[in-house]
$ cat coords20.pdb   # PDB, C-alpha atoms
ATOM      1  CA  MET A   1     -76.089-218.598-116.174
ATOM      2  CA  GLY A   2     -79.762-217.748-115.487
ATOM      3  CA  ALA A   3     -79.114-213.999-115.496
ATOM      4  CA  SER A   4     -81.159-211.193-116.975
ATOM      5  CA  VAL A   5     -79.085-209.329-119.568
ATOM      6  CA  PHE A   6     -79.472-205.928-121.213
ATOM      7  CA  VAL A   7     -77.459-204.991-124.318
ATOM      8  CA  SER A   8     -77.389-201.395-125.557
ATOM      9  CA  GLY A   9     -76.656-200.692-129.192
ATOM     10  CA  ALA A  10     -77.925-204.213-129.746
ATOM     11  CA  ALA A  11     -78.431-204.071-133.521
ATOM     12  CA  GLY A  12     -74.802-203.231-134.286
ATOM     13  CA  ALA A  13     -72.037-205.699-135.013
ATOM     14  CA  VAL A  14     -70.987-206.170-131.375
ATOM     15  CA  GLY A  15     -74.389-205.857-129.707
ATOM     16  CA  SER A  16     -76.053-208.315-132.063
ATOM     17  CA  MET A  17     -73.498-210.949-131.104
ATOM     18  CA  ALA A  18     -73.435-210.099-127.376
ATOM     19  CA  GLY A  19     -77.152-210.771-126.961
ATOM     20  CA  GLN A  20     -77.003-214.053-128.853
ATOM     21  CA  PHE A  21     -73.944-215.155-126.865
ATOM     22  CA  ALA A  22     -75.792-214.393-123.618
ATOM     23  CA  ALA A  23     -78.816-216.425-124.697
ATOM     24  CA  LEU A  24     -76.672-219.358-125.835
ATOM     25  CA  ALA A  25     -74.787-219.241-122.525
ATOM     26  CA  GLY A  26     -78.073-219.674-120.635
ATOM     27  CA  ALA A  27     -79.361-216.183-119.822
ATOM     28  CA  LYS A  28     -82.948-216.267-118.597
ATOM     29  CA  ARG A  29     -83.870-213.001-120.369
ATOM     30  CA  VAL A  30     -82.077-210.902-122.984
ATOM     31  CA  VAL A  31     -83.312-207.429-123.926
ATOM     32  CA  GLY A  32     -81.715-204.975-126.327
ATOM     33  CA  SER A  33     -82.076-201.330-127.215
ATOM     34  CA  ALA A  34     -81.837-199.924-130.722
ATOM     35  CA  GLY A  35     -82.783-196.740-132.552
ATOM     36  CA  SER A  36     -85.658-197.803-134.809
ATOM     37  CA  VAL A  37     -88.700-200.043-134.957
ATOM     38  CA  GLU A  38     -87.067-202.060-137.749
ATOM     39  CA  LYS A  39     -83.997-202.727-135.590
ATOM     40  CA  THR A  40     -86.041-203.760-132.550
ATOM     41  CA  LYS A  41     -87.989-206.203-134.740
ATOM     42  CA  TYR A  42     -84.684-207.543-136.085
ATOM     43  CA  LEU A  43     -83.464-208.160-132.525
ATOM     44  CA  VAL A  44     -86.539-210.159-131.559
ATOM     45  CA  ASP A  45     -87.517-211.819-134.842
ATOM     46  CA  GLU A  46     -84.082-212.708-136.230
ATOM     47  CA  LEU A  47     -81.632-212.668-133.338
ATOM     48  CA  GLY A  48     -83.866-214.226-130.694
ATOM     49  CA  TYR A  49     -83.817-211.438-128.122
ATOM     50  CA  ASP A  50     -86.678-211.853-125.651
ATOM     51  CA  ALA A  51     -87.612-208.195-126.077
ATOM     52  CA  ALA A  52     -86.263-204.936-127.441
ATOM     53  CA  PHE A  53     -87.099-201.265-127.181
ATOM     54  CA  ASN A  54     -86.471-198.181-129.281
ATOM     55  CA  TYR A  55     -84.560-195.758-127.084
ATOM     56  CA  LYS A  56     -86.038-192.876-129.120
ATOM     57  CA  ASP A  57     -89.568-193.758-127.914
ATOM     58  CA  GLY A  58     -89.091-192.331-124.431
ATOM     59  CA  PRO A  59     -86.804-192.210-121.419
ATOM     60  CA  VAL A  60     -84.457-195.200-121.355
ATOM     61  CA  LEU A  61     -84.941-195.605-117.593
ATOM     62  CA  GLN A  62     -88.710-196.094-117.918
ATOM     63  CA  GLN A  63     -88.339-198.526-120.815
ATOM     64  CA  LEU A  64     -85.642-200.481-118.974
ATOM     65  CA  GLN A  65     -87.737-200.698-115.798
ATOM     66  CA  SER A  66     -90.639-201.990-117.870
ATOM     67  CA  ALA A  67     -88.418-204.584-119.584
ATOM     68  CA  PHE A  68     -86.948-205.776-116.267
ATOM     69  CA  PRO A  69     -89.600-205.407-113.524
ATOM     70  CA  GLU A  70     -87.547-207.746-111.297
ATOM     71  CA  GLY A  71     -84.294-205.949-112.006
ATOM     72  CA  LEU A  72     -81.320-206.585-114.218
ATOM     73  CA  ASP A  73     -78.212-208.692-113.560
ATOM     74  CA  ILE A  74     -75.808-207.919-116.425
ATOM     75  CA  PHE A  75     -75.492-204.880-118.668
ATOM     76  CA  PHE A  76     -73.365-205.029-121.827
ATOM     77  CA  ASP A  77     -72.879-201.352-122.664
ATOM     78  CA  ASN A  78     -72.064-200.160-126.158
ATOM     79  CA  VAL A  79     -73.664-196.719-125.728
ATOM     80  CA  GLY A  80     -72.880-195.034-122.401
ATOM     81  CA  SER A  81     -74.838-191.873-121.495
ATOM     82  CA  ASP A  82     -78.489-192.347-120.493
ATOM     83  CA  HIS A  83     -78.259-196.116-121.057
ATOM     84  CA  LEU A  84     -75.523-196.473-118.429
ATOM     85  CA  ALA A  85     -77.264-194.134-115.990
ATOM     86  CA  ALA A  86     -80.546-196.067-116.384
ATOM     87  CA  ALA A  87     -78.866-199.449-115.994
ATOM     88  CA  VAL A  88     -77.297-198.420-112.679
ATOM     89  CA  GLU A  89     -80.805-197.661-111.414
ATOM     90  CA  VAL A  90     -82.262-201.005-112.575
ATOM     91  CA  LEU A  91     -79.358-203.347-111.810
ATOM     92  CA  ASN A  92     -79.875-205.784-108.962
ATOM     93  CA  ASP A  93     -77.420-206.076-106.081
ATOM     94  CA  PHE A  94     -74.071-207.464-107.258
ATOM     95  CA  GLY A  95     -74.954-206.651-110.870
ATOM     96  CA  ARG A  96     -72.209-206.468-113.461
ATOM     97  CA  VAL A  97     -71.513-203.991-116.246
ATOM     98  CA  ALA A  98     -69.234-204.692-119.200
ATOM     99  CA  LEU A  99     -68.295-201.324-120.689
ATOM    100  CA  CYS A 100     -67.528-202.026-124.339
ATOM    101  CA  GLY A 101     -68.254-198.727-126.082
ATOM    102  CA  THR A 102     -69.562-195.213-125.723
ATOM    103  CA  ILE A 103     -71.133-194.658-129.104
ATOM    104  CA  SER A 104     -73.299-191.850-127.707
ATOM    105  CA  ALA A 105     -70.127-189.764-127.377
ATOM    106  CA  TYR A 106     -68.297-190.735-130.575
ATOM    107  CA  ASN A 107     -69.689-187.779-132.531
ATOM    108  CA  ALA A 108     -69.582-185.274-129.674
ATOM    109  CA  SER A 109     -67.376-182.226-130.075
ATOM    110  CA  GLU A 110     -66.632-182.401-126.354
ATOM    111  CA  HIS A 111     -67.030-185.317-123.980
ATOM    112  CA  ARG A 112     -69.234-184.760-120.964
ATOM    113  CA  ALA A 113     -69.366-186.951-117.901
ATOM    114  CA  VAL A 114     -72.283-189.361-117.677
ATOM    115  CA  PRO A 115     -74.403-188.575-114.610
ATOM    116  CA  VAL A 116     -74.416-191.917-112.815
ATOM    117  CA  ASN A 117     -75.688-192.497-109.284
ATOM    118  CA  ALA A 118     -72.428-193.487-107.548
ATOM    119  CA  PHE A 119     -74.294-194.088-104.280
ATOM    120  CA  LYS A 120     -76.236-196.910-105.959
ATOM    121  CA  ILE A 121     -73.058-198.369-107.428
ATOM    122  CA  VAL A 122     -71.696-198.651-103.880
ATOM    123  CA  THR A 123     -74.842-199.785-102.071
ATOM    124  CA  LYS A 124     -75.720-202.340-104.755
ATOM    125  CA  ARG A 125     -72.095-203.529-104.841
ATOM    126  CA  LEU A 126     -72.015-203.252-108.640
ATOM    127  CA  ARG A 127     -68.983-204.240-110.679
ATOM    128  CA  MET A 128     -68.106-202.217-113.773
ATOM    129  CA  GLN A 129     -65.226-202.954-116.072
ATOM    130  CA  GLY A 130     -64.169-201.498-119.368
ATOM    131  CA  PHE A 131     -62.593-203.892-121.792
ATOM    132  CA  ILE A 132     -61.075-204.180-125.221
ATOM    133  CA  ALA A 133     -61.179-207.552-126.956
ATOM    134  CA  PHE A 134     -57.423-207.893-127.525
ATOM    135  CA  ASP A 135     -56.860-207.719-123.759
ATOM    136  CA  HIS A 136     -58.152-211.299-123.684
ATOM    137  CA  GLU A 137     -56.098-213.066-126.359
ATOM    138  CA  ASP A 138     -55.579-215.918-123.889
ATOM    139  CA  LEU A 139     -59.256-216.813-124.397
ATOM    140  CA  ARG A 140     -59.155-216.823-128.212
ATOM    141  CA  LYS A 141     -58.942-220.619-128.660
ATOM    142  CA  ASP A 142     -61.945-221.190-126.408
ATOM    143  CA  PHE A 143     -63.836-218.365-128.137
ATOM    144  CA  ASP A 144     -63.039-219.670-131.624
ATOM    145  CA  SER A 145     -64.098-223.171-130.649
ATOM    146  CA  ARG A 146     -67.355-222.177-128.977
ATOM    147  CA  VAL A 147     -68.435-219.510-131.465
ATOM    148  CA  GLY A 148     -67.262-221.622-134.402
ATOM    149  CA  ALA A 149     -69.557-224.432-133.249
ATOM    150  CA  TRP A 150     -72.494-222.031-132.873
ATOM    151  CA  LEU A 151     -71.897-220.718-136.397
ATOM    152  CA  GLU A 152     -71.529-224.208-137.819
ATOM    153  CA  ASN A 153     -74.747-225.321-136.126
ATOM    154  CA  GLY A 154     -76.663-222.306-137.428
ATOM    155  CA  GLN A 155     -77.249-220.944-133.922
ATOM    156  CA  LEU A 156     -75.967-217.438-134.703
ATOM    157  CA  ALA A 157     -77.627-214.983-137.053
ATOM    158  CA  TYR A 158     -76.007-211.871-138.438
ATOM    159  CA  ARG A 159     -76.447-209.069-140.933
ATOM    160  CA  GLU A 160     -74.011-206.958-142.836
ATOM    161  CA  THR A 161     -74.608-203.472-144.191
ATOM    162  CA  VAL A 162     -72.467-203.468-147.327
ATOM    163  CA  SER A 163     -71.300-200.385-149.233
ATOM    164  CA  GLN A 164     -69.470-200.565-152.545
ATOM    165  CA  GLU A 165     -66.084-199.092-153.501
ATOM    166  CA  ILE A 166     -63.584-196.908-151.649
ATOM    167  CA  GLU A 167     -65.580-193.735-152.339
ATOM    168  CA  ALA A 168     -68.281-195.030-149.990
ATOM    169  CA  VAL A 169     -65.957-195.110-146.953
ATOM    170  CA  PRO A 170     -66.765-191.644-145.514
ATOM    171  CA  ALA A 171     -70.535-192.073-145.768
ATOM    172  CA  ALA A 172     -70.405-195.671-144.491
ATOM    173  CA  PHE A 173     -68.208-194.686-141.536
ATOM    174  CA  THR A 174     -70.450-191.756-140.635
ATOM    175  CA  GLY A 175     -73.501-193.999-141.041
ATOM    176  CA  MET A 176     -72.000-196.567-138.663
ATOM    177  CA  LEU A 177     -71.443-193.877-136.026
ATOM    178  CA  THR A 178     -74.985-192.556-136.386
ATOM    179  CA  GLY A 179     -76.743-195.924-136.416
ATOM    180  CA  ALA A 180     -77.528-196.185-140.127
ATOM    181  CA  ASN A 181     -76.201-199.739-140.305
ATOM    182  CA  THR A 182     -77.637-202.972-138.974
ATOM    183  CA  GLY A 183     -74.995-205.510-137.999
ATOM    184  CA  LYS A 184     -71.466-205.194-139.324
ATOM    185  CA  ALA A 185     -70.679-202.272-141.635
ATOM    186  CA  ILE A 186     -68.557-203.489-144.555
ATOM    187  CA  ILE A 187     -66.934-201.769-147.526
ATOM    188  CA  ARG A 188     -66.573-204.027-150.543
ATOM    189  CA  LEU A 189     -63.688-202.722-152.637
ATOM    190  CA  ALA A 190     -64.036-205.117-155.553
ATOM    191  CA  ASP A 191     -66.787-207.172-157.089
ATOM    192  CA  ASP A 192     -66.585-210.752-155.779
ATOM    193  CA  GLN A 193     -67.648-212.004-159.196
ATOM    194  CA  ALA A 194     -64.561-210.660-161.005
TER     195      ALA A 194
END

$ encode --input "coords20.pdb" --output "structure tokens"
Amino acid sequence: MGASVFVSGAAGAVGSMAGQFAALAGAKRVVGSAGSVEKTKYLVDELGYDAAFNYKDGPVLQQLQSAFPEGLDIFFDNVGSDHLAAAVEVLNDFGRVALCGTISAYNASEHRAVPVNAFKIVTKRLRMQGFIAFDHEDLRKDFDSRVGAWLENGQLAYRETVSQEIEAVPAAFTGMLTGANTGKAIIRLADDQA
């Protein structure tokens, strides 16, 4: 592949896998954004990202330009908002954007349009596509085979943020939407030892 890849929301369940998949598929550089120092360390130290930045440390555009001085080829977007606007600025000609989520807007009382430079989308000939995983059921066998082998070979790392009992659902769900979890948020309803 040899592409430079940026993943927003990279410490969540989807982002943590997207960056590892990109690296295993041959990306030349994988960078992620997350909302804490601990999460950026997790991305680099445990998941093998080449670099990561805390989007709370300053403007995303400046941090993204610093991470990709030669430009960016692929953006896997879980966040939307300033991450998407910044990526459009940094993407190279013919860059691609996979729009997977808009977590920046999930808690908003009203949804506002993301200010994106449409002129750059046109002049750079960028491709953007939203997707939902079940739109691609025809690829499941290949996915299961490839990812299953990576798991079996120990090439994928993951974390789970586990909460106990049904009473924890509201707090765990809210925590997932506000970035309190690292990796997959799970509710364990019964003790596995029973």

$ resolve_selection --input "coords20.pdb" --expression "the PyMOL selection byres ((chain A and resi 22) around 12)" --output "ChimeraX atom specification"
/A:1-7,15-21,23-32,47-50,73-76,147,156

$ residues_near_point --input "coords20.pdb" --point "(-73.0, -203.1, -143.3)" --cutoff "12 Å" --atoms "all atoms listed in the file" --output "ChimeraX atom specification"
/A:11-13,158-164,168-169,171-177,179-188

$ resolve_selection --input "coords20.pdb" --expression "the PyMOL selection byres ((chain A and resi 33) around 6)" --output "PyMOL selection string"
chain A and resi 8-10+32+34+52-54

$ write_last_selection --input "coords20.pdb" --atoms "C-alpha atoms" --output "JSON list (two decimals), keeping the file's coordinate frame"
[["chain", "number", "residue", "atom", "x", "y", "z"],
["A", 8, "SER", "CA", -77.39, -201.40, -125.56],
["A", 9, "GLY", "CA", -76.66, -200.69, -129.19],
["A", 10, "ALA", "CA", -77.92, -204.21, -129.75],
["A", 32, "GLY", "CA", -81.72, -204.98, -126.33],
["A", 34, "ALA", "CA", -81.84, -199.92, -130.72],
["A", 52, "ALA", "CA", -86.26, -204.94, -127.44],
["A", 53, "PHE", "CA", -87.10, -201.26, -127.18],
["A", 54, "ASN", "CA", -86.47, -198.18, -129.28]]

$ closest_residue --input "coords20.pdb" --among "A:Ala87, A:Ala157, A:Leu43, A:Ala149" --to "Leu126 of chain A" --atoms "all atoms listed in the file"
A:Ala87

$ residues_around --input "coords20.pdb" --residues "Leu64 of chain A" --least-positions-apart "3" --cutoff "8 Å" --atoms "all atoms listed in the file" --output "count of residues only"
7

$ residues_around --input "coords20.pdb" --residues "Cys100 of chain A" --least-positions-apart "2" --cutoff "8 Å" --atoms "all atoms listed in the file" --output "PyMOL selection string"
chain A and resi 76-78+98+102+130-132

$ write_last_selection --input "coords20.pdb" --atoms "C-alpha atoms" --output "compact mmCIF listing (two decimals), in the coordinates of the input"
# COMPACT_ATOMS: atom_id res chain seq x y z
CA PHE A 76 -73.36 -205.03 -121.83
CA ASP A 77 -72.88 -201.35 -122.66
CA ASN A 78 -72.06 -200.16 -126.16
CA ALA A 98 -69.23 -204.69 -119.20
CA THR A 102 -69.56 -195.21 -125.72
CA GLY A 130 -64.17 -201.50 -119.37
CA PHE A 131 -62.59 -203.89 -121.79
CA ILE A 132 -61.08 -204.18 -125.22

$ closest_residue --input "coords20.pdb" --among "A:Ala133, A:Asn117, A:Lys56, A:Gln65" --to "Gly101 of chain A" --atoms "only C-alpha atoms"
A:Ala133
